[in-house]
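Written out below as structure tokens is the structure these notes cover.
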Amino acid sequence: MRLLKSLEELLYELVSWIVFYPLTMWHALRHPLEAMRYSEAELGDAPEDQYSDKLSPPIFLLLTLLIAHAIELALVPAQPALPVFLADERNLLMFRALMFSLYPLTIAVTIVRVRAARLDRETLRRPFYSQCYVAAPFVLGLDIGVIIVRLGDKTGIVIGLIVAIAACLWLFTVEILWFHRKLRLSYLRASASVAFAFAVATVLIICVALAIDSITS
């Protein structure tokens with residue numbers, strides 16, 4: 001009976017994602033600052049009461065990566081050569097999740113440092129969870145832009161670049177506003193802090209990509 005009850009809860013949770021994923025995405029896109037405030041506030045509730053009307057931020061980000069990966073597999077059949085450990089789709093998905101999680105992670109670490117708080121699991125959790133809400137639309141937009149570029153012709157390349165750049169500008173603008181309002185930083189200092197966090201995450205991802213390329217070449 002306990003097994004049946006667990007399966008029942010798992011099935012309900014998976015099916016509920018069909019409803020709450022688009023609601024969470026719409027909320028994150030339309031009201032990103034409110035979504036981040038909501039994420040931090042929910043962590044103050046009891047575990048069973050958290051995120052009752054939205055998806056948990058890490059699950060939201062992981063599902064977004066899964067959707068982006070599925071779109072890529074459907075539209076771009078010719079995939080680049082990868083090391084053996086990434087040949088399995090599950091390993092590849094988790095690897096991509098780790099790579100794209102570097103953006104919310106570096107921004108969350110920057111927030112903790114700006115607050116001059118002690119960096120530990122608890123002080124990092126709230127900013128990381130809130131950043132996952134806005135990282136998901138960014139990842140989806142960026143991935144769609146890259147897919148459009150890979151598909152094709154000159155027009156497609158231009159459109160893909162516009163989509164990818166728009167996703168980056170959207171996240172950059174949201175983060176500057178968040179740093180300005182949440183941390184009481186000037187727009188200049190907020191821009192510098194966000195740019196630094198973006199740069200660190202991007203450099204880390206590029207280094208990993210170059211290491212993988214050297215392995216496969």
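Labels used: A, B, ... for chains in the order of the structure tokens, numbers from 1 for residues in each chain, and numbers from 1 for ligands as shown.
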Considering only C-alpha atoms, tabulate each residue of range 31-79 of chain A that lies at most 9 Å from range 136-148 of chain A along with its nearest interatomic pair and the corresponding distance in Å to one decimal; arrange the rows by chain and ascending residue number and present them as a Markdown table.
```
| residue | atom | partner | partner_atom | distance |
| --- | --- | --- | --- | --- |
| A:Pro57 | CA | A:Ala136 | CA | 8.7 |
| A:Phe60 | CA | A:Ala136 | CA | 7.0 |
| A:Leu61 | CA | A:Ala136 | CA | 4.8 |
| A:Leu62 | CA | A:Ala136 | CA | 8.1 |
| A:Leu63 | CA | A:Ala136 | CA | 8.7 |
| A:Thr64 | CA | A:Ala136 | CA | 5.9 |
| A:Leu65 | CA | A:Leu140 | CA | 7.1 |
| A:Ile67 | CA | A:Leu140 | CA | 8.2 |
| A:Ala68 | CA | A:Leu140 | CA | 6.0 |
| A:His69 | CA | A:Asp143 | CA | 8.4 |
| A:Ile71 | CA | A:Ile144 | CA | 8.2 |
| A:Glu72 | CA | A:Ile147 | CA | 6.4 |
| A:Leu75 | CA | A:Ile147 | CA | 7.7 |
| A:Val76 | CA | A:Ile147 | CA | 7.2 |
```
Just write the chosen residues, C-alpha atoms, as a tab-separated table (two decimals), in the first residue's frame.
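What ended up in again.tsv:
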```tsv
chain	number	residue	atom	x	y	z
A	57	PRO	CA	12.69	26.74	-8.95
A	60	PHE	CA	11.41	24.51	-13.15
A	61	LEU	CA	14.92	25.08	-14.49
A	62	LEU	CA	15.52	21.36	-15.03
A	63	LEU	CA	12.22	20.93	-16.91
A	64	THR	CA	13.06	23.93	-19.08
A	65	LEU	CA	16.40	22.37	-19.97
A	67	ILE	CA	12.18	20.89	-23.07
A	68	ALA	CA	15.01	22.81	-24.77
A	69	HIS	CA	16.96	19.57	-25.20
A	71	ILE	CA	13.39	20.70	-29.15
A	72	GLU	CA	17.05	20.51	-30.17
A	75	LEU	CA	14.93	19.97	-35.02
A	76	VAL	CA	18.69	19.40	-35.22
```
Any idea what's packed within 8 Å of range 104-120 of chain A, counting only C-alpha atoms, ignoring anything in its chain fewer than 3 positions away? Could you give it as a list in words?
Phe100, Ser101, Thr123, Leu124, Pro127, Phe128, Gln131, Cys132, Ala135, Phe179, Leu183, Ser193, Val194, Ala197, Phe198, Val200 and Ala201 of chain A
Those selected residues, please, written with N, CA and C atoms and delivered as a PDB file, in the first residue's frame.
```
ATOM      1  N   PHE A 100      24.353  25.183 -17.176  1.00  0.00           N
ATOM      2  CA  PHE A 100      23.489  26.369 -17.172  1.00  0.00           C
ATOM      3  C   PHE A 100      23.156  26.824 -15.751  1.00  0.00           C
ATOM      4  N   SER A 101      23.297  25.929 -14.780  1.00  0.00           N
ATOM      5  CA  SER A 101      23.087  26.338 -13.390  1.00  0.00           C
ATOM      6  C   SER A 101      24.211  27.228 -12.891  1.00  0.00           C
ATOM      7  N   THR A 123      22.760  30.333   3.379  1.00  0.00           N
ATOM      8  CA  THR A 123      22.752  31.698   2.842  1.00  0.00           C
ATOM      9  C   THR A 123      22.713  31.688   1.310  1.00  0.00           C
ATOM     10  N   LEU A 124      23.196  30.602   0.701  1.00  0.00           N
ATOM     11  CA  LEU A 124      23.210  30.514  -0.760  1.00  0.00           C
ATOM     12  C   LEU A 124      21.886  30.027  -1.329  1.00  0.00           C
ATOM     13  N   PRO A 127      19.034  32.973  -2.598  1.00  0.00           N
ATOM     14  CA  PRO A 127      19.334  33.628  -3.878  1.00  0.00           C
ATOM     15  C   PRO A 127      19.435  32.649  -5.039  1.00  0.00           C
ATOM     16  N   PHE A 128      19.945  31.431  -4.792  1.00  0.00           N
ATOM     17  CA  PHE A 128      20.042  30.467  -5.889  1.00  0.00           C
ATOM     18  C   PHE A 128      18.655  30.057  -6.370  1.00  0.00           C
ATOM     19  N   GLN A 131      17.094  32.813  -8.364  1.00  0.00           N
ATOM     20  CA  GLN A 131      17.729  32.979  -9.675  1.00  0.00           C
ATOM     21  C   GLN A 131      17.312  31.905 -10.656  1.00  0.00           C
ATOM     22  N   CYS A 132      16.969  30.728 -10.161  1.00  0.00           N
ATOM     23  CA  CYS A 132      16.503  29.662 -11.062  1.00  0.00           C
ATOM     24  C   CYS A 132      15.234  30.072 -11.805  1.00  0.00           C
ATOM     25  N   ALA A 135      16.429  32.265 -14.599  1.00  0.00           N
ATOM     26  CA  ALA A 135      17.380  31.584 -15.476  1.00  0.00           C
ATOM     27  C   ALA A 135      16.664  30.695 -16.486  1.00  0.00           C
ATOM     28  N   PHE A 179      19.307  43.667  -8.352  1.00  0.00           N
ATOM     29  CA  PHE A 179      20.412  44.135  -7.509  1.00  0.00           C
ATOM     30  C   PHE A 179      20.144  45.559  -7.007  1.00  0.00           C
ATOM     31  N   LEU A 183      19.250  44.842  -3.218  1.00  0.00           N
ATOM     32  CA  LEU A 183      20.501  45.083  -2.489  1.00  0.00           C
ATOM     33  C   LEU A 183      20.799  46.565  -2.299  1.00  0.00           C
ATOM     34  N   SER A 193      28.295  44.407 -10.962  1.00  0.00           N
ATOM     35  CA  SER A 193      28.190  43.136 -10.238  1.00  0.00           C
ATOM     36  C   SER A 193      27.584  42.045 -11.114  1.00  0.00           C
ATOM     37  N   VAL A 194      26.524  42.399 -11.843  1.00  0.00           N
ATOM     38  CA  VAL A 194      25.875  41.422 -12.729  1.00  0.00           C
ATOM     39  C   VAL A 194      26.809  41.032 -13.867  1.00  0.00           C
ATOM     40  N   ALA A 197      29.395  38.572 -12.599  1.00  0.00           N
ATOM     41  CA  ALA A 197      28.845  37.226 -12.403  1.00  0.00           C
ATOM     42  C   ALA A 197      28.616  36.530 -13.739  1.00  0.00           C
ATOM     43  N   PHE A 198      28.070  37.260 -14.723  1.00  0.00           N
ATOM     44  CA  PHE A 198      27.871  36.707 -16.057  1.00  0.00           C
ATOM     45  C   PHE A 198      29.199  36.269 -16.664  1.00  0.00           C
ATOM     46  N   VAL A 200      32.034  35.434 -15.192  1.00  0.00           N
ATOM     47  CA  VAL A 200      32.595  34.260 -14.517  1.00  0.00           C
ATOM     48  C   VAL A 200      31.904  32.989 -15.006  1.00  0.00           C
ATOM     49  N   ALA A 201      30.563  33.000 -15.042  1.00  0.00           N
ATOM     50  CA  ALA A 201      29.826  31.819 -15.498  1.00  0.00           C
ATOM     51  C   ALA A 201      30.158  31.488 -16.949  1.00  0.00           C
TER      52      ALA A 201
END
```
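Closest approach to Trp17 in chain A among A:Glu122, A:Glu175, A:Glu34, A:Asp53: A:Asp53, based on only C-alpha atoms.
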Could you give me, as an MDAnalysis selection string, the residues within 10 Å of Val149 in chain A, counting only C-alpha atoms and dropping anything in the same chain fewer than 5 positions from it?
chainID A and resid 143:144 154:164
Using N, CA and C atoms, can you write the selected residues to a file as a PDB file, in the first residue's frame?
```
ATOM      1  N   ASP A 143      18.688  28.890 -25.936  1.00  0.00           N
ATOM      2  CA  ASP A 143      18.762  27.613 -26.645  1.00  0.00           C
ATOM      3  C   ASP A 143      17.984  27.660 -27.953  1.00  0.00           C
ATOM      4  N   ILE A 144      16.817  28.294 -27.934  1.00  0.00           N
ATOM      5  CA  ILE A 144      16.040  28.421 -29.171  1.00  0.00           C
ATOM      6  C   ILE A 144      16.801  29.252 -30.194  1.00  0.00           C
ATOM      7  N   LYS A 154      20.996  32.425 -44.055  1.00  0.00           N
ATOM      8  CA  LYS A 154      21.414  33.730 -43.530  1.00  0.00           C
ATOM      9  C   LYS A 154      20.320  34.382 -42.697  1.00  0.00           C
ATOM     10  N   THR A 155      19.082  34.302 -43.186  1.00  0.00           N
ATOM     11  CA  THR A 155      17.964  34.890 -42.437  1.00  0.00           C
ATOM     12  C   THR A 155      17.798  34.207 -41.087  1.00  0.00           C
ATOM     13  N   GLY A 156      17.890  32.869 -41.086  1.00  0.00           N
ATOM     14  CA  GLY A 156      17.762  32.122 -39.845  1.00  0.00           C
ATOM     15  C   GLY A 156      18.851  32.469 -38.847  1.00  0.00           C
ATOM     16  N   ILE A 157      20.070  32.662 -39.351  1.00  0.00           N
ATOM     17  CA  ILE A 157      21.179  33.021 -38.468  1.00  0.00           C
ATOM     18  C   ILE A 157      20.922  34.367 -37.806  1.00  0.00           C
ATOM     19  N   VAL A 158      20.434  35.329 -38.588  1.00  0.00           N
ATOM     20  CA  VAL A 158      20.139  36.659 -38.039  1.00  0.00           C
ATOM     21  C   VAL A 158      19.040  36.571 -36.990  1.00  0.00           C
ATOM     22  N   ILE A 159      17.968  35.833 -37.310  1.00  0.00           N
ATOM     23  CA  ILE A 159      16.856  35.694 -36.364  1.00  0.00           C
ATOM     24  C   ILE A 159      17.320  34.996 -35.097  1.00  0.00           C
ATOM     25  N   GLY A 160      18.111  33.935 -35.258  1.00  0.00           N
ATOM     26  CA  GLY A 160      18.615  33.206 -34.100  1.00  0.00           C
ATOM     27  C   GLY A 160      19.470  34.073 -33.207  1.00  0.00           C
ATOM     28  N   LEU A 161      20.333  34.876 -33.815  1.00  0.00           N
ATOM     29  CA  LEU A 161      21.180  35.775 -33.028  1.00  0.00           C
ATOM     30  C   LEU A 161      20.347  36.810 -32.292  1.00  0.00           C
ATOM     31  N   ILE A 162      19.311  37.325 -32.942  1.00  0.00           N
ATOM     32  CA  ILE A 162      18.435  38.305 -32.296  1.00  0.00           C
ATOM     33  C   ILE A 162      17.743  37.684 -31.082  1.00  0.00           C
ATOM     34  N   VAL A 163      17.246  36.442 -31.241  1.00  0.00           N
ATOM     35  CA  VAL A 163      16.568  35.755 -30.137  1.00  0.00           C
ATOM     36  C   VAL A 163      17.538  35.519 -28.980  1.00  0.00           C
ATOM     37  N   ALA A 164      18.746  35.048 -29.285  1.00  0.00           N
ATOM     38  CA  ALA A 164      19.735  34.770 -28.238  1.00  0.00           C
ATOM     39  C   ALA A 164      20.159  36.049 -27.523  1.00  0.00           C
TER      40      ALA A 164
END
```
Quick one, how far is CA of Gly44 in chain A from CA of Val174 in chain A?
23.4 Å
Which parts of range 4-165 of chain A does DSSP call helix (DSSP H, G or I) when run on the backbone here, written out as a PyMOL selection string?
chain A and resi 4-30+32-42+47-49+57-75+84-86+89-100+102-114+121-151+154-165
Residues within 10 Å of Ala190 in chain A, please, as a VMD selection string. Count only C-alpha atoms; anything in the same chain fewer than 5 positions from it doesn't count.
chain A and resid 175 to 181 183 to 185 195 to 196
